[in-house]
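Worksheet: the structure to be examined is printed underneath.
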Amino acid sequence: MTKGGMESVELFTSEGKGRGLKAQKEFLPGDVIFAEPAYAAVVFDSLTHVICHTCFKRQERLHRCGQCKFAHYCDRTCQRAAWLEHKQECVALKRHGKAPSENIRLAARIMWRIEREGSGLAEGCLVSIDDLQNHVDSFSEEEKKELRVDVESFLEFWPPQSQQFGIQFISHIFGVINCNGFTLSDQRGLQAVGVGIFPNLCQANHDCWPNCTVIFNNGKIELRALSKISAGEELSVSYVDFLSLSEERRRQLRRQYYFDCTCEHCKKQIKDDLMLAVKAGESKPSAEAVKEVVQLSKDTLEKINKARMEGLYHEVVKLCRECLKKQEPVLGDTNIYLLRILSIASEVLSYLQMFEEAADYAKRMVDGYLKIYHPNNAQLGMAVMRAGVTHWHAGLIEAGHGLICKAYAILLITHGPSHPITKDLEVMRVQTEMELRMFQQNEFMYYKMREAALKNQKIQIMPEPSNETSPSLFHKKE
């Protein structure tokens, strides 16, 4: 596996898409093309006391800055590492009395860095902050209004003794944050915890079926190859989850990133047929029946979201079961509405420790996902991992081990061997392999031991279902 610096990529201007990145040499799946630290980054408002402001790891007991009482750190090492970035922020926070929102804090950190270093090319960057796209011209009235509010809040927060920037430049910075703010996740990759600006990463264009993926690991983002890439080939990442119809993805990209996707998968609507599949067999359901079930599915998903927000998980399960009864005679195995319900049902049932039923749904979900997603897709890997853990909890040790091995193979490519999630998975793989061997030698003894083990030790129970599907690549207001 090669560790890439910026010399392995080249900035170029592509037809109709503006700037892009090109590979300077060949890469194989799982290679790190480059790793990039954030130009500036902040923790989300709601998590400032539980996430370290330097390394973005979730910790139980954090030290807080004695001066501003706002910044929190793992330990002295993280606190010292942050001082250059935090010094001016610390004074501004004390002067302002309370911390402004994450966008304001991120804009301020960018400007303080520009004040320290000038706005030219920062070390290791292919483009300067001045040159990043801001798309302010494409903003809707609503977005322009929000921008004005942000600029005003920024001016209130920005100290009079710091370098003063014009309104136009401040608006440019907020525009950059709006379309290039990258989501940072905690070390387990389960929760979006902050937002940062990565000038090099921003140069990679979107493709719904990309040849690269991005993962945040150990304080840097890594651009990793998903397939074999030849020298001279353009590097692409996906800004959206592939598990939506091409029209839906295009709508989302237009709304959030202000461009029309022209990738092969959108142009040819590849995989849309699978995502809209209806039950195969003798009696094909009527168009009317399909329309009705799709509408019911959409309505159910809204009800489920509401119930989840309120923590009514048994209600969620009931809604899923009712919906599945209606979907099963009409929709095909890869239908996106069926898969969405299966995914929610398996996650919530696992949380409620109803593992047998959860495993059945998880298995069907994974079978569908495998036909739709790119084989090296990070979301696919995470879903297969969850399904494996669910099967293991359900006592389906053989299937559980198989799924955990499959997930491990995917995450080695998308996350790499040093990522905490991959390391967790390696431990599970070894453990399930051992149990499987024991199980094959003596089933009766295996169940006896398992019973005893479960009495003594709460196996890591599933996390509480979050309302976020896996954190999206860029930090976006919905």
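The way I read the labels, and the way they are meant: chains A, B, ... in the order of the structure tokens, residue 1 as the first residue of every chain, and ligand 1 as the first ligand shown, with later ones counted on from there.
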Excluding Met438 (chain A) and residues on its chain fewer than 4 positions from it, collect all residues at most 12 Å away from it, counting only C-alpha atoms, and give them as a ChimeraX atom specification. /A:397-398,431-434,442-450
With N, CA and C atoms kept, could you save the residues just selected as a short mmCIF file (atom, residue, chain, number, x, y, z; two decimals), in the first residue's frame?
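Writing done, so here's selection_29.cif:
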```
data_model
loop_
_atom_site.label_atom_id
_atom_site.label_comp_id
_atom_site.auth_asym_id
_atom_site.auth_seq_id
_atom_site.Cartn_x
_atom_site.Cartn_y
_atom_site.Cartn_z
N ILE A 397 -23.94 -18.41 13.99
CA ILE A 397 -22.50 -18.16 14.03
C ILE A 397 -21.85 -18.29 12.66
N GLU A 398 -22.33 -19.24 11.85
CA GLU A 398 -21.70 -19.45 10.54
C GLU A 398 -21.96 -18.27 9.61
N GLN A 431 -12.52 -13.66 16.69
CA GLN A 431 -13.38 -14.25 17.72
C GLN A 431 -14.43 -15.18 17.11
N THR A 432 -15.08 -14.72 16.03
CA THR A 432 -16.13 -15.55 15.44
C THR A 432 -15.52 -16.80 14.78
N GLU A 433 -14.31 -16.66 14.29
CA GLU A 433 -13.65 -17.82 13.67
C GLU A 433 -13.38 -18.89 14.72
N MET A 434 -12.94 -18.43 15.90
CA MET A 434 -12.67 -19.35 17.00
C MET A 434 -13.96 -20.06 17.42
N ASN A 442 -18.15 -29.28 18.59
CA ASN A 442 -19.08 -29.77 19.60
C ASN A 442 -20.18 -28.74 19.84
N GLU A 443 -21.30 -28.96 19.14
CA GLU A 443 -22.38 -27.98 19.18
C GLU A 443 -22.95 -27.80 20.58
N PHE A 444 -23.16 -28.92 21.27
CA PHE A 444 -23.78 -28.88 22.58
C PHE A 444 -22.93 -28.04 23.55
N MET A 445 -21.63 -28.34 23.59
CA MET A 445 -20.72 -27.61 24.48
C MET A 445 -20.70 -26.13 24.11
N TYR A 446 -20.73 -25.89 22.81
CA TYR A 446 -20.68 -24.50 22.34
C TYR A 446 -21.84 -23.69 22.92
N TYR A 447 -23.06 -24.23 22.84
CA TYR A 447 -24.23 -23.50 23.34
C TYR A 447 -24.15 -23.31 24.85
N LYS A 448 -23.64 -24.34 25.56
CA LYS A 448 -23.48 -24.24 27.01
C LYS A 448 -22.52 -23.08 27.35
N MET A 449 -21.38 -23.05 26.65
CA MET A 449 -20.39 -22.02 26.92
C MET A 449 -20.91 -20.63 26.58
N ARG A 450 -21.62 -20.59 25.46
CA ARG A 450 -22.16 -19.30 25.00
C ARG A 450 -23.14 -18.75 26.04
#
```
Length of the CA of Leu226 (chain A) to CA of Lys271 (chain A) vector [Å]: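 So the two atoms, CA of Leu226 (chain A) and CA of Lys271 (chain A), lie 18.9 Å apart.
For the atom pair formed by CA of Val149 (chain A) and CA of His172 (chain A), the distance is 14.1 Å, given to one decimal.
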Could you give me the residues within region 342-459 of chain A that DSSP places in alpha helix (DSSP H), as a PyMOL selection string? chain A and resi 342-351+355-372+378-393+397-414+420-441+443-456
